[in-house]
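**Q** Dumping the structure here so I can ask a few things about it.
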Amino acid sequence: MKGLRFIVAMSLFCTCQAISRGLHPLILVPGNGGNQLEARLTSDYKPSSLLCNRWYPIVKDSEGWFRLWFDPSVLLPPFTKCFADRMMLYYDPDLDDFHNSPGVETRAPHFGSPQSLLYLDPNFIWKEITGYMASLVESLERVGYVTGETLFGAPYDFRYGLAAGGHPSRVGSKFLQDLKDLIEKASNSNGGKPVILVSHSLGGLFVLQLLNRNPLPWRKKFIKHFVALSAPWGGTVEEMLTFASGSTLGVPFVDPLDVRQEQRSSESNLWLMPNPKVFGRQKPLAITPNATYSANDITEFLDAIGFPQGVHPYTTRILPLLEQLNEPEVPVTCIIGTGVKTPETLVYGENGFDEQPDVIYGDGDGTVNMVSLLALESLWTDNKNQTLKVITVSDVSHTSILKNDAALDEIIGEISDINSLVSGRNFV
C-alpha cells in the first residue's frame, strides 16, 4: 500500500497537464554501473582470446556499437574475461589520466534521457532482472513528470572518475560539462525554473563536484534542490574488498578473481575507497595476519594486495579530492537506507587476498557504511547558509531504495514538497 506521503503528493496536483506546468525540471544521475554502456572495436583492438575476436558479439548496430554493460554473456566463464578486458582502464603516468583499452571505444547512450537508466538490459528476458531506475521513473511519471519535457537523465561512463585540481580528467570533466549544459537546457526549456537534481550512489559525488566547481550565482540560478539517494560521501569498506579480492556485484556464476583486475583499473572505484576524513585514521578496516589497515593506510593496502600501480593516482589525484566535500549552499536532502548489514571490517587469513575474507558487519545499506551515508551531517555543521535534511528508510538496501515502496514514497514525497509553492516545508 502506498504511504501517506505519496497520497498527499498525488493530491497536490489535479491533472497531468497542470502538474507539468508546475513542476521543476528534474535530472536523474545514476550510480556506478547504473546505466547502459556501449562499445565499438577498432582495428587497434587486440583480442585476449579467440572468443574475444572482433566478431563477438554478433549483434551490433550499423556503426559497430554493441552493449558492453550489461551483457548477459558475462555470466559465462569463457566470456567473463573478454568482458573484463574490454572494460579495463589504464592509467598513463605521462598524460596523468586514464584511458580505455587500446582499440575499444565506449559511450553512454541516450544522454539527456532516462532511457538507458531504466534497465541495464532492455531485452525481454533480462528486462525485469536488470531493472534499475524504472520504478522510480514510473513513480515520477505518475505525479506528472514527462520524459524530454520535465524529466531528464544523465548517463555517463561510470568507470571514470574525477581528479583534484591541477590534474586532467578528460572523460569525467566532459561529463560534468555535459551535465551542466543539460541543467541549463532543462531550465531554459521550462520557463527558467531551476532544476532538481536526483542522484543515486556515485552520482551524488559527481553532482557535488559539479556544484562546487561552479560559482554560487550559477548554482542559485539553475539549482532548485539536490536530492542524493544512497550517496557514499566517505567511500565504503566494500570497495577495499573489491580491490583485494574482487566482487561479483551480485552477478551469479562469476568468479570474482576473473573481474578483479578490471575492477582495480576503474578510476571511480579508487574514488570510493574509505575516506580518512570520514572513517577516521585509526579504525581497523582490513586485518591480515601481518598488518592492520585503516582509511589512513590505503596506499599501504594497495601495495599489500599487489596493486602498487594504483598508489600514484590515488595519492596525487584521488586523495586530495576526498577532502572536497564542501557545502554547495543549495538545499540538499539525503535519503538513505539503514538496518542492512554492511561490511565494516575485513579479516583475511593465511591464504591471502585471493580468497574472500571473513567479514565483520555493521549498520548501513548493505554497500555503504552508516558513517559514510551520514558524513555530511558532521562535516557541514558550521555553515548557516547550508540546508541539509536526512531521511532514513529502515531495512532498505543500496539499490532497493530505487524500487522499494516505502523508499519511493519518501522520494516522491520529498520531490513533491520541493515542487510545492505553498508547503511550509519548502526549502527556498
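The way I read the labels, and the way they are meant: chains A, B, ... in the order of the C-alpha cells, residue 1 as the first residue of every chain, and ligand 1 as the first ligand shown, with later ones counted on from there.
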Please list as a PyMOL selection string every residue within 12 Å of range 354-357 of chain A, counting only C-alpha atoms and excluding residues in the same chain fewer than 5 positions away.
**A** chain A and resi 238+240-248+255-258+260-261+285-288+305-306+343-349
**Q** For N, CA, C and O atoms, I'd like the residues from the last selection saved as a short mmCIF file (atom, residue, chain, number, x, y, z; two decimals), in the first residue's frame.
**A**
data_model
loop_
_atom_site.label_atom_id
_atom_site.label_comp_id
_atom_site.auth_asym_id
_atom_site.auth_seq_id
_atom_site.Cartn_x
_atom_site.Cartn_y
_atom_site.Cartn_z
N GLU A 238 33.45 -1.91 1.55
CA GLU A 238 33.26 -2.90 0.49
C GLU A 238 34.18 -2.66 -0.70
O GLU A 238 34.58 -3.60 -1.39
N MET A 240 37.26 -1.76 -0.51
CA MET A 240 38.53 -2.41 -0.19
C MET A 240 38.46 -3.90 -0.51
O MET A 240 39.42 -4.49 -1.02
N LEU A 241 37.31 -4.52 -0.25
CA LEU A 241 37.11 -5.92 -0.58
C LEU A 241 37.19 -6.12 -2.09
O LEU A 241 37.82 -7.07 -2.58
N THR A 242 36.59 -5.21 -2.85
CA THR A 242 36.62 -5.29 -4.31
C THR A 242 38.05 -5.25 -4.83
O THR A 242 38.44 -6.04 -5.69
N PHE A 243 38.84 -4.32 -4.32
CA PHE A 243 40.23 -4.20 -4.76
C PHE A 243 41.06 -5.41 -4.34
O PHE A 243 41.91 -5.89 -5.10
N ALA A 244 40.82 -5.91 -3.15
CA ALA A 244 41.65 -7.00 -2.63
C ALA A 244 41.30 -8.34 -3.26
O ALA A 244 42.19 -9.09 -3.68
N SER A 245 40.00 -8.64 -3.36
CA SER A 245 39.58 -10.00 -3.72
C SER A 245 38.60 -10.06 -4.87
O SER A 245 38.20 -11.16 -5.27
N GLY A 246 38.22 -8.93 -5.42
CA GLY A 246 37.23 -8.91 -6.49
C GLY A 246 35.82 -9.02 -5.95
O GLY A 246 35.58 -9.50 -4.84
N SER A 247 34.87 -8.56 -6.75
CA SER A 247 33.46 -8.60 -6.35
C SER A 247 32.61 -8.97 -7.55
O SER A 247 32.80 -8.44 -8.65
N THR A 248 31.64 -9.84 -7.34
CA THR A 248 30.74 -10.23 -8.42
C THR A 248 29.60 -9.24 -8.59
O THR A 248 28.83 -9.34 -9.55
N ASP A 255 33.34 -15.69 -11.21
CA ASP A 255 34.44 -15.79 -10.25
C ASP A 255 34.97 -14.38 -10.01
O ASP A 255 35.39 -13.71 -10.95
N PRO A 256 34.97 -13.91 -8.75
CA PRO A 256 35.42 -12.53 -8.51
C PRO A 256 36.85 -12.26 -8.96
O PRO A 256 37.18 -11.13 -9.31
N LEU A 257 37.69 -13.29 -8.96
CA LEU A 257 39.07 -13.09 -9.40
C LEU A 257 39.16 -12.81 -10.90
O LEU A 257 40.12 -12.19 -11.37
N ASP A 258 38.15 -13.26 -11.66
CA ASP A 258 38.15 -13.03 -13.11
C ASP A 258 37.91 -11.56 -13.45
O ASP A 258 38.26 -11.11 -14.55
N ARG A 260 38.58 -9.03 -11.03
CA ARG A 260 39.29 -8.19 -10.06
C ARG A 260 40.19 -7.17 -10.72
O ARG A 260 40.19 -5.98 -10.34
N GLN A 261 40.96 -7.58 -11.73
CA GLN A 261 41.89 -6.65 -12.35
C GLN A 261 41.15 -5.50 -13.04
O GLN A 261 41.57 -4.34 -12.97
N LEU A 285 39.98 -1.39 9.26
CA LEU A 285 39.02 -1.73 8.22
C LEU A 285 39.38 -3.04 7.53
O LEU A 285 38.50 -3.75 7.04
N ALA A 286 40.65 -3.37 7.49
CA ALA A 286 41.11 -4.66 6.93
C ALA A 286 42.23 -5.19 7.83
O ALA A 286 43.15 -4.45 8.18
N ILE A 287 42.12 -6.45 8.17
CA ILE A 287 43.08 -7.08 9.08
C ILE A 287 43.65 -8.33 8.41
O ILE A 287 42.91 -9.16 7.87
N THR A 288 44.97 -8.45 8.41
CA THR A 288 45.65 -9.65 7.91
C THR A 288 46.53 -10.19 9.04
O THR A 288 46.69 -9.53 10.08
N ILE A 305 48.05 -5.72 -1.48
CA ILE A 305 47.20 -6.60 -2.29
C ILE A 305 47.78 -6.86 -3.67
O ILE A 305 47.20 -7.60 -4.47
N GLY A 306 48.93 -6.25 -3.96
CA GLY A 306 49.56 -6.49 -5.26
C GLY A 306 49.11 -5.53 -6.33
O GLY A 306 49.13 -5.86 -7.53
N PRO A 343 29.51 -4.56 5.27
CA PRO A 343 30.89 -4.85 5.65
C PRO A 343 31.56 -3.68 6.35
O PRO A 343 31.57 -2.56 5.83
N GLU A 344 32.10 -3.96 7.55
CA GLU A 344 32.74 -2.92 8.34
C GLU A 344 34.21 -3.22 8.59
O GLU A 344 35.03 -2.30 8.68
N THR A 345 34.55 -4.49 8.70
CA THR A 345 35.94 -4.91 8.85
C THR A 345 36.15 -6.20 8.09
O THR A 345 35.33 -7.13 8.20
N LEU A 346 37.24 -6.27 7.32
CA LEU A 346 37.58 -7.45 6.54
C LEU A 346 38.72 -8.18 7.23
O LEU A 346 39.75 -7.56 7.56
N VAL A 347 38.56 -9.47 7.44
CA VAL A 347 39.58 -10.24 8.15
C VAL A 347 40.11 -11.32 7.21
O VAL A 347 39.38 -12.26 6.85
N TYR A 348 41.36 -11.18 6.82
CA TYR A 348 41.99 -12.12 5.89
C TYR A 348 42.87 -13.11 6.64
O TYR A 348 43.52 -12.76 7.63
N GLY A 349 42.87 -14.35 6.15
CA GLY A 349 43.65 -15.41 6.77
C GLY A 349 44.99 -15.62 6.08
O GLY A 349 45.45 -14.80 5.27
#
**Q** With only C-alpha atoms as the counted atoms, please give the residues lying no more than 12 Å from Pro194 in chain A, apart from itself and same-chain residues fewer than 4 positions off, as a short mmCIF file (atom, residue, chain, number, x, y, z; two decimals) with C-alpha atoms, in the first residue's frame.
**A**
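around-v7.cif written:
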data_model
loop_
_atom_site.label_atom_id
_atom_site.label_comp_id
_atom_site.auth_asym_id
_atom_site.auth_seq_id
_atom_site.Cartn_x
_atom_site.Cartn_y
_atom_site.Cartn_z
CA GLY A 22 4.01 23.42 -12.05
CA LEU A 23 6.94 21.04 -11.81
CA HIS A 24 10.57 21.99 -11.63
CA PRO A 25 12.55 20.05 -14.25
CA LEU A 26 14.29 17.02 -12.78
CA ILE A 27 17.51 15.30 -13.86
CA THR A 150 10.37 17.89 -17.33
CA LEU A 182 21.75 19.73 -19.66
CA ILE A 183 20.83 21.60 -16.47
CA GLU A 184 20.79 24.92 -18.31
CA LYS A 185 18.82 23.46 -21.23
CA ALA A 186 16.25 21.84 -18.91
CA SER A 187 15.82 25.09 -17.00
CA ASN A 188 15.55 27.27 -20.10
CA SER A 189 13.00 24.95 -21.71
CA ASN A 190 10.85 25.15 -18.57
CA TRP A 218 25.10 29.90 -11.26
CA ARG A 219 24.01 27.44 -8.56
CA LYS A 220 21.38 29.82 -7.20
CA LYS A 221 20.01 30.44 -10.69
CA PHE A 222 19.88 26.88 -12.01
CA ILE A 223 19.59 24.53 -8.99
CA LYS A 224 16.37 24.24 -7.00
CA HIS A 225 17.40 21.28 -4.87
CA PHE A 226 19.82 18.35 -4.76
CA VAL A 330 21.94 24.97 -2.27
CA ILE A 418 10.23 20.75 -3.18
CA ASN A 419 7.82 21.47 -6.05
CA VAL A 428 13.81 28.07 -0.66
#
**Q** If you run DSSP on the backbone here, which positions in range 241-321 of chain A get alpha helix (DSSP H)? Please write them as a VMD selection string.
**A** chain A and resid 241 to 245 256 to 265 267 to 271 276 to 279 298 to 304 311 to 313 319 to 321
**Q** For the residues selected in the previous step, produce a file with N, CA, C and O atoms as a compact mmCIF listing (two decimals), in the first residue's frame.
**A**
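The resulting file, again35.txt, is shown below:
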# COMPACT_ATOMS: atom_id res chain seq x y z
N LEU A 241 37.31 -4.52 -0.25
CA LEU A 241 37.11 -5.92 -0.58
C LEU A 241 37.19 -6.12 -2.09
O LEU A 241 37.82 -7.07 -2.58
N THR A 242 36.59 -5.21 -2.85
CA THR A 242 36.62 -5.29 -4.31
C THR A 242 38.05 -5.25 -4.83
O THR A 242 38.44 -6.04 -5.69
N PHE A 243 38.84 -4.32 -4.32
CA PHE A 243 40.23 -4.20 -4.76
C PHE A 243 41.06 -5.41 -4.34
O PHE A 243 41.91 -5.89 -5.10
N ALA A 244 40.82 -5.91 -3.15
CA ALA A 244 41.65 -7.00 -2.63
C ALA A 244 41.30 -8.34 -3.26
O ALA A 244 42.19 -9.09 -3.68
N SER A 245 40.00 -8.64 -3.36
CA SER A 245 39.58 -10.00 -3.72
C SER A 245 38.60 -10.06 -4.87
O SER A 245 38.20 -11.16 -5.27
N PRO A 256 34.97 -13.91 -8.75
CA PRO A 256 35.42 -12.53 -8.51
C PRO A 256 36.85 -12.26 -8.96
O PRO A 256 37.18 -11.13 -9.31
N LEU A 257 37.69 -13.29 -8.96
CA LEU A 257 39.07 -13.09 -9.40
C LEU A 257 39.16 -12.81 -10.90
O LEU A 257 40.12 -12.19 -11.37
N ASP A 258 38.15 -13.26 -11.66
CA ASP A 258 38.15 -13.03 -13.11
C ASP A 258 37.91 -11.56 -13.45
O ASP A 258 38.26 -11.11 -14.55
N VAL A 259 37.26 -10.83 -12.54
CA VAL A 259 36.96 -9.43 -12.82
C VAL A 259 37.74 -8.48 -11.89
O VAL A 259 37.58 -7.26 -11.99
N ARG A 260 38.58 -9.03 -11.03
CA ARG A 260 39.29 -8.19 -10.06
C ARG A 260 40.19 -7.17 -10.72
O ARG A 260 40.19 -5.98 -10.34
N GLN A 261 40.96 -7.58 -11.73
CA GLN A 261 41.89 -6.65 -12.35
C GLN A 261 41.15 -5.50 -13.04
O GLN A 261 41.57 -4.34 -12.97
N GLU A 262 40.04 -5.83 -13.67
CA GLU A 262 39.23 -4.78 -14.30
C GLU A 262 38.68 -3.83 -13.25
O GLU A 262 38.67 -2.60 -13.43
N GLN A 263 38.21 -4.36 -12.13
CA GLN A 263 37.66 -3.51 -11.08
C GLN A 263 38.74 -2.63 -10.45
O GLN A 263 38.48 -1.47 -10.12
N ARG A 264 39.94 -3.16 -10.32
CA ARG A 264 41.04 -2.36 -9.81
C ARG A 264 41.40 -1.22 -10.77
O ARG A 264 41.87 -0.16 -10.34
N SER A 265 41.18 -1.42 -12.05
CA SER A 265 41.57 -0.41 -13.04
C SER A 265 40.62 0.78 -13.07
O SER A 265 40.95 1.82 -13.64
N GLU A 267 38.85 4.05 -12.35
CA GLU A 267 39.18 5.29 -11.65
C GLU A 267 38.14 5.63 -10.59
O GLU A 267 38.48 6.07 -9.49
N SER A 268 36.87 5.38 -10.91
CA SER A 268 35.81 5.71 -9.94
C SER A 268 35.86 4.80 -8.73
O SER A 268 35.49 5.20 -7.62
N ASN A 269 36.32 3.55 -8.90
CA ASN A 269 36.46 2.67 -7.74
C ASN A 269 37.50 3.19 -6.76
O ASN A 269 37.33 3.09 -5.54
N LEU A 270 38.59 3.77 -7.28
CA LEU A 270 39.59 4.38 -6.39
C LEU A 270 38.96 5.53 -5.59
O LEU A 270 39.27 5.73 -4.41
N TRP A 271 38.07 6.26 -6.24
CA TRP A 271 37.39 7.40 -5.59
C TRP A 271 36.51 6.93 -4.44
O TRP A 271 36.23 7.68 -3.51
N PRO A 276 39.67 8.91 4.88
CA PRO A 276 40.13 9.04 6.27
C PRO A 276 39.45 10.17 7.02
O PRO A 276 39.35 10.12 8.25
N LYS A 277 38.99 11.18 6.31
CA LYS A 277 38.28 12.30 6.93
C LYS A 277 36.95 11.84 7.53
O LYS A 277 36.45 12.44 8.48
N VAL A 278 36.39 10.76 6.99
CA VAL A 278 35.09 10.26 7.41
C VAL A 278 35.23 9.04 8.32
O VAL A 278 34.59 8.96 9.37
N PHE A 279 36.06 8.09 7.93
CA PHE A 279 36.21 6.85 8.68
C PHE A 279 37.20 6.98 9.84
O PHE A 279 37.25 6.10 10.70
N ILE A 298 45.55 3.45 2.97
CA ILE A 298 45.13 2.89 1.69
C ILE A 298 46.32 2.66 0.76
O ILE A 298 46.35 1.67 0.02
N THR A 299 47.32 3.52 0.79
CA THR A 299 48.49 3.30 -0.09
C THR A 299 49.20 2.01 0.30
O THR A 299 49.60 1.23 -0.58
N GLU A 300 49.38 1.78 1.59
CA GLU A 300 50.00 0.52 2.04
C GLU A 300 49.11 -0.67 1.68
O GLU A 300 49.62 -1.74 1.31
N PHE A 301 47.82 -0.50 1.78
CA PHE A 301 46.88 -1.56 1.44
C PHE A 301 46.98 -1.91 -0.05
O PHE A 301 47.01 -3.09 -0.42
N LEU A 302 47.06 -0.91 -0.92
CA LEU A 302 47.18 -1.16 -2.36
C LEU A 302 48.46 -1.92 -2.67
O LEU A 302 48.47 -2.83 -3.52
N ASP A 303 49.53 -1.56 -1.99
CA ASP A 303 50.80 -2.31 -2.17
C ASP A 303 50.65 -3.75 -1.70
O ASP A 303 51.08 -4.69 -2.38
N ALA A 304 50.02 -3.93 -0.55
CA ALA A 304 49.91 -5.27 0.04
C ALA A 304 49.09 -6.21 -0.82
O ALA A 304 49.39 -7.41 -0.90
N VAL A 311 48.90 3.24 -6.49
CA VAL A 311 49.33 4.15 -5.43
C VAL A 311 49.47 5.58 -5.93
O VAL A 311 48.97 6.53 -5.31
N HIS A 312 50.17 5.77 -7.05
CA HIS A 312 50.42 7.13 -7.54
C HIS A 312 49.12 7.86 -7.90
O HIS A 312 48.90 9.00 -7.42
N PRO A 313 48.23 7.29 -8.73
CA PRO A 313 46.99 8.02 -9.00
C PRO A 313 46.14 8.25 -7.75
O PRO A 313 45.46 9.27 -7.65
N LEU A 319 43.25 11.27 -3.42
CA LEU A 319 43.30 11.65 -2.00
C LEU A 319 42.99 13.13 -1.79
O LEU A 319 42.19 13.47 -0.88
N PRO A 320 43.54 14.04 -2.58
CA PRO A 320 43.15 15.45 -2.39
C PRO A 320 41.67 15.70 -2.71
O PRO A 320 41.04 16.57 -2.13
N LEU A 321 41.11 14.90 -3.63
CA LEU A 321 39.70 15.02 -4.00
C LEU A 321 38.80 14.65 -2.83
O LEU A 321 37.70 15.19 -2.67
**Q** Pick out the closest residue to Thr387 in chain A from this set: A:Met370, A:Leu117, A:Val227, A:Val251. Count only C-alpha atoms.
**A**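 For Thr387 in chain A, the nearest of the candidates is A:Val227.
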**Q** Based on DSSP run over this structure's backbone, return all residues of range 283-370 of chain A in strand (DSSP E), as an mmCIF file with all heavy atoms, in the first residue's frame.
**A**
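As written to disk, selection.cif reads:
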data_model
loop_
_atom_site.group_PDB
_atom_site.id
_atom_site.type_symbol
_atom_site.label_atom_id
_atom_site.label_comp_id
_atom_site.auth_asym_id
_atom_site.auth_seq_id
_atom_site.Cartn_x
_atom_site.Cartn_y
_atom_site.Cartn_z
ATOM 1 N N ALA A 286 40.654 -3.373 7.488
ATOM 2 C CA ALA A 286 41.111 -4.655 6.932
ATOM 3 C C ALA A 286 42.228 -5.188 7.825
ATOM 4 O O ALA A 286 43.147 -4.451 8.184
ATOM 5 C CB ALA A 286 41.600 -4.483 5.492
ATOM 6 N N ILE A 287 42.120 -6.455 8.170
ATOM 7 C CA ILE A 287 43.082 -7.083 9.078
ATOM 8 C C ILE A 287 43.646 -8.330 8.408
ATOM 9 O O ILE A 287 42.909 -9.162 7.875
ATOM 10 C CB ILE A 287 42.404 -7.471 10.411
ATOM 11 C CG1 ILE A 287 41.828 -6.220 11.101
ATOM 12 C CG2 ILE A 287 43.378 -8.190 11.333
ATOM 13 C CD1 ILE A 287 40.952 -6.540 12.303
ATOM 14 N N THR A 292 47.392 -4.386 9.909
ATOM 15 C CA THR A 292 46.045 -3.853 10.033
ATOM 16 C C THR A 292 45.991 -2.529 9.271
ATOM 17 O O THR A 292 46.906 -1.713 9.373
ATOM 18 C CB THR A 292 45.681 -3.612 11.506
ATOM 19 O OG1 THR A 292 45.700 -4.863 12.206
ATOM 20 C CG2 THR A 292 44.298 -2.998 11.640
ATOM 21 N N TYR A 293 44.905 -2.336 8.510
ATOM 22 C CA TYR A 293 44.808 -1.169 7.636
ATOM 23 C C TYR A 293 43.584 -0.337 7.991
ATOM 24 O O TYR A 293 42.466 -0.862 8.091
ATOM 25 C CB TYR A 293 44.724 -1.600 6.165
ATOM 26 C CG TYR A 293 45.891 -2.444 5.725
ATOM 27 C CD1 TYR A 293 45.814 -3.840 5.761
ATOM 28 C CD2 TYR A 293 47.085 -1.859 5.306
ATOM 29 C CE1 TYR A 293 46.878 -4.619 5.373
ATOM 30 C CE2 TYR A 293 48.163 -2.635 4.920
ATOM 31 C CZ TYR A 293 48.060 -4.017 4.958
ATOM 32 O OH TYR A 293 49.125 -4.800 4.577
ATOM 33 N N VAL A 332 20.025 20.576 0.160
ATOM 34 C CA VAL A 332 20.392 19.182 -0.075
ATOM 35 C C VAL A 332 19.548 18.284 0.829
ATOM 36 O O VAL A 332 19.391 18.559 2.024
ATOM 37 C CB VAL A 332 21.888 18.929 0.213
ATOM 38 C CG1 VAL A 332 22.236 17.442 0.046
ATOM 39 C CG2 VAL A 332 22.767 19.777 -0.703
ATOM 40 N N THR A 333 19.006 17.223 0.232
ATOM 41 C CA THR A 333 18.334 16.179 1.002
ATOM 42 C C THR A 333 19.019 14.852 0.713
ATOM 43 O O THR A 333 19.192 14.489 -0.451
ATOM 44 C CB THR A 333 16.840 16.061 0.635
ATOM 45 O OG1 THR A 333 16.173 17.278 0.953
ATOM 46 C CG2 THR A 333 16.179 14.919 1.402
ATOM 47 N N CYS A 334 19.422 14.148 1.757
ATOM 48 C CA CYS A 334 19.981 12.802 1.626
ATOM 49 C C CYS A 334 18.908 11.793 2.050
ATOM 50 O O CYS A 334 18.364 11.900 3.150
ATOM 51 C CB CYS A 334 21.215 12.621 2.506
ATOM 52 S SG CYS A 334 22.586 13.724 2.099
ATOM 53 N N ILE A 335 18.602 10.849 1.182
ATOM 54 C CA ILE A 335 17.663 9.776 1.522
ATOM 55 C C ILE A 335 18.453 8.474 1.506
ATOM 56 O O ILE A 335 19.069 8.122 0.485
ATOM 57 C CB ILE A 335 16.482 9.730 0.535
ATOM 58 C CG1 ILE A 335 15.766 11.089 0.500
ATOM 59 C CG2 ILE A 335 15.509 8.622 0.929
ATOM 60 C CD1 ILE A 335 14.582 11.154 -0.443
ATOM 61 N N ILE A 336 18.458 7.774 2.631
ATOM 62 C CA ILE A 336 19.341 6.615 2.787
ATOM 63 C C ILE A 336 18.591 5.429 3.380
ATOM 64 O O ILE A 336 17.620 5.589 4.103
ATOM 65 C CB ILE A 336 20.558 6.953 3.687
ATOM 66 C CG1 ILE A 336 20.094 7.319 5.103
ATOM 67 C CG2 ILE A 336 21.378 8.092 3.076
ATOM 68 C CD1 ILE A 336 21.230 7.501 6.103
ATOM 69 N N GLY A 337 19.072 4.238 3.058
ATOM 70 C CA GLY A 337 18.591 3.027 3.692
ATOM 71 C C GLY A 337 19.426 2.716 4.918
ATOM 72 O O GLY A 337 20.613 3.033 4.978
ATOM 73 N N THR A 338 18.808 2.094 5.918
ATOM 74 C CA THR A 338 19.519 1.714 7.135
ATOM 75 C C THR A 338 19.088 0.303 7.547
ATOM 76 O O THR A 338 18.140 -0.259 6.998
ATOM 77 C CB THR A 338 19.207 2.675 8.291
ATOM 78 O OG1 THR A 338 17.812 2.556 8.639
ATOM 79 C CG2 THR A 338 19.491 4.116 7.912
ATOM 80 N N THR A 342 26.285 -4.426 6.726
ATOM 81 C CA THR A 342 27.204 -3.818 5.770
ATOM 82 C C THR A 342 28.642 -4.117 6.203
ATOM 83 O O THR A 342 28.974 -3.960 7.379
ATOM 84 C CB THR A 342 26.974 -2.293 5.734
ATOM 85 O OG1 THR A 342 25.588 -2.032 5.438
ATOM 86 C CG2 THR A 342 27.846 -1.634 4.684
ATOM 87 N N PRO A 343 29.509 -4.557 5.273
ATOM 88 C CA PRO A 343 30.892 -4.854 5.654
ATOM 89 C C PRO A 343 31.562 -3.676 6.353
ATOM 90 O O PRO A 343 31.573 -2.560 5.835
ATOM 91 C CB PRO A 343 31.567 -5.155 4.311
ATOM 92 C CG PRO A 343 30.458 -5.660 3.442
ATOM 93 C CD PRO A 343 29.255 -4.859 3.853
ATOM 94 N N GLU A 344 32.096 -3.961 7.549
ATOM 95 C CA GLU A 344 32.744 -2.915 8.337
ATOM 96 C C GLU A 344 34.215 -3.216 8.590
ATOM 97 O O GLU A 344 35.035 -2.302 8.679
ATOM 98 C CB GLU A 344 32.007 -2.740 9.670
ATOM 99 C CG GLU A 344 32.392 -1.505 10.425
ATOM 100 C CD GLU A 344 31.357 -1.127 11.470
ATOM 101 O OE1 GLU A 344 30.269 -0.637 11.097
ATOM 102 O OE2 GLU A 344 31.640 -1.339 12.658
ATOM 103 N N THR A 345 34.546 -4.494 8.704
ATOM 104 C CA THR A 345 35.942 -4.908 8.855
ATOM 105 C C THR A 345 36.149 -6.203 8.090
ATOM 106 O O THR A 345 35.333 -7.134 8.200
ATOM 107 C CB THR A 345 36.319 -5.118 10.340
ATOM 108 O OG1 THR A 345 35.997 -3.942 11.092
ATOM 109 C CG2 THR A 345 37.801 -5.407 10.470
ATOM 110 N N LEU A 346 37.242 -6.266 7.320
ATOM 111 C CA LEU A 346 37.578 -7.454 6.536
ATOM 112 C C LEU A 346 38.723 -8.181 7.230
ATOM 113 O O LEU A 346 39.747 -7.564 7.562
ATOM 114 C CB LEU A 346 38.006 -7.054 5.118
ATOM 115 C CG LEU A 346 37.103 -6.036 4.393
ATOM 116 C CD1 LEU A 346 37.724 -5.644 3.052
ATOM 117 C CD2 LEU A 346 35.701 -6.606 4.208
ATOM 118 N N VAL A 347 38.559 -9.469 7.444
ATOM 119 C CA VAL A 347 39.583 -10.242 8.147
ATOM 120 C C VAL A 347 40.106 -11.325 7.207
ATOM 121 O O VAL A 347 39.377 -12.259 6.846
ATOM 122 C CB VAL A 347 39.020 -10.884 9.437
ATOM 123 C CG1 VAL A 347 40.128 -11.634 10.170
ATOM 124 C CG2 VAL A 347 38.396 -9.820 10.338
ATOM 125 N N ASP A 358 36.731 -13.213 5.913
ATOM 126 C CA ASP A 358 35.657 -13.179 6.900
ATOM 127 C C ASP A 358 35.273 -11.713 7.085
ATOM 128 O O ASP A 358 36.130 -10.826 7.059
ATOM 129 C CB ASP A 358 36.114 -13.771 8.228
ATOM 130 C CG ASP A 358 36.372 -15.277 8.135
ATOM 131 O OD1 ASP A 358 35.679 -15.939 7.357
ATOM 132 O OD2 ASP A 358 37.276 -15.761 8.846
ATOM 133 N N VAL A 359 33.994 -11.466 7.256
ATOM 134 C CA VAL A 359 33.515 -10.085 7.303
ATOM 135 C C VAL A 359 32.814 -9.819 8.624
ATOM 136 O O VAL A 359 31.961 -10.594 9.061
ATOM 137 C CB VAL A 359 32.541 -9.794 6.138
ATOM 138 C CG1 VAL A 359 32.002 -8.364 6.233
ATOM 139 C CG2 VAL A 359 33.227 -10.018 4.793
ATOM 140 N N ILE A 360 33.217 -8.730 9.268
ATOM 141 C CA ILE A 360 32.510 -8.229 10.437
ATOM 142 C C ILE A 360 31.584 -7.124 9.944
ATOM 143 O O ILE A 360 32.023 -6.184 9.271
ATOM 144 C CB ILE A 360 33.490 -7.686 11.489
ATOM 145 C CG1 ILE A 360 34.429 -8.796 11.964
ATOM 146 C CG2 ILE A 360 32.728 -7.078 12.672
ATOM 147 C CD1 ILE A 360 35.558 -8.311 12.851
ATOM 148 N N TYR A 361 30.308 -7.255 10.263
ATOM 149 C CA TYR A 361 29.316 -6.340 9.706
ATOM 150 C C TYR A 361 28.923 -5.260 10.704
ATOM 151 O O TYR A 361 28.977 -5.430 11.916
ATOM 152 C CB TYR A 361 28.063 -7.110 9.279
ATOM 153 C CG TYR A 361 28.299 -8.017 8.096
ATOM 154 C CD1 TYR A 361 28.598 -9.372 8.288
ATOM 155 C CD2 TYR A 361 28.217 -7.537 6.802
ATOM 156 C CE1 TYR A 361 28.813 -10.218 7.207
ATOM 157 C CE2 TYR A 361 28.432 -8.375 5.703
ATOM 158 C CZ TYR A 361 28.720 -9.710 5.915
ATOM 159 O OH TYR A 361 28.943 -10.549 4.843
ATOM 160 N N GLY A 362 28.495 -4.132 10.142
ATOM 161 C CA GLY A 362 27.915 -3.050 10.927
ATOM 162 C C GLY A 362 26.673 -2.543 10.223
ATOM 163 O O GLY A 362 26.143 -3.186 9.320
#
**Q** Tell me which of A:Leu68, A:Glu63, A:Ser101, A:Asn351 sits closest to Asp44 in chain A, counting only C-alpha atoms.
**A**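 Closest candidate: A:Ser101.
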**Q** May I have the residues within 7 Å of range 120-134 of chain A as a list in words, using only C-alpha atoms and disregarding those fewer than 2 positions away in the same chain?
**A**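 My reading of the contact set: Gly34, Asn35, Gln36, Trp69, Phe70, Ser116, Leu117, Leu118, Leu136, Val137, Glu138 and Leu402 of chain A.
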**Q** What does the distance between CA of Ser48 in chain A and CA of Arg86 in chain A come to in Å, to one decimal place?
**A**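 Taking CA of Ser48 in chain A and CA of Arg86 in chain A, their separation equals 9.6 Å.
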**Q** Using only C-alpha atoms, which residue out of A:Leu325, A:Ile196, A:Phe206, A:Pro252 lies closest to Pro77 in chain A?
**A**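 For Pro77 in chain A, the nearest of the given residues is A:Pro252.
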**Q** I want to know what sits within 9 Å of Gly172 in chain A, based on only C-alpha atoms, with residues of the same chain fewer than 3 positions away left out; could you give that as a list of chain:residue names?
**A**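 Contacts, in chain order: A:Tyr156, A:Asp157, A:Phe158, A:Tyr160, A:Gly161, A:Leu162, A:Ala163, A:Ser169, A:Phe175, A:Leu176, A:Gln177, A:Phe206.
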**Q** Would you please work out which residue, of A:Val59, A:Ile415, A:Val254, A:Leu208, is nearest to Leu76 in chain A when using only C-alpha atoms?
**A** A:Val254
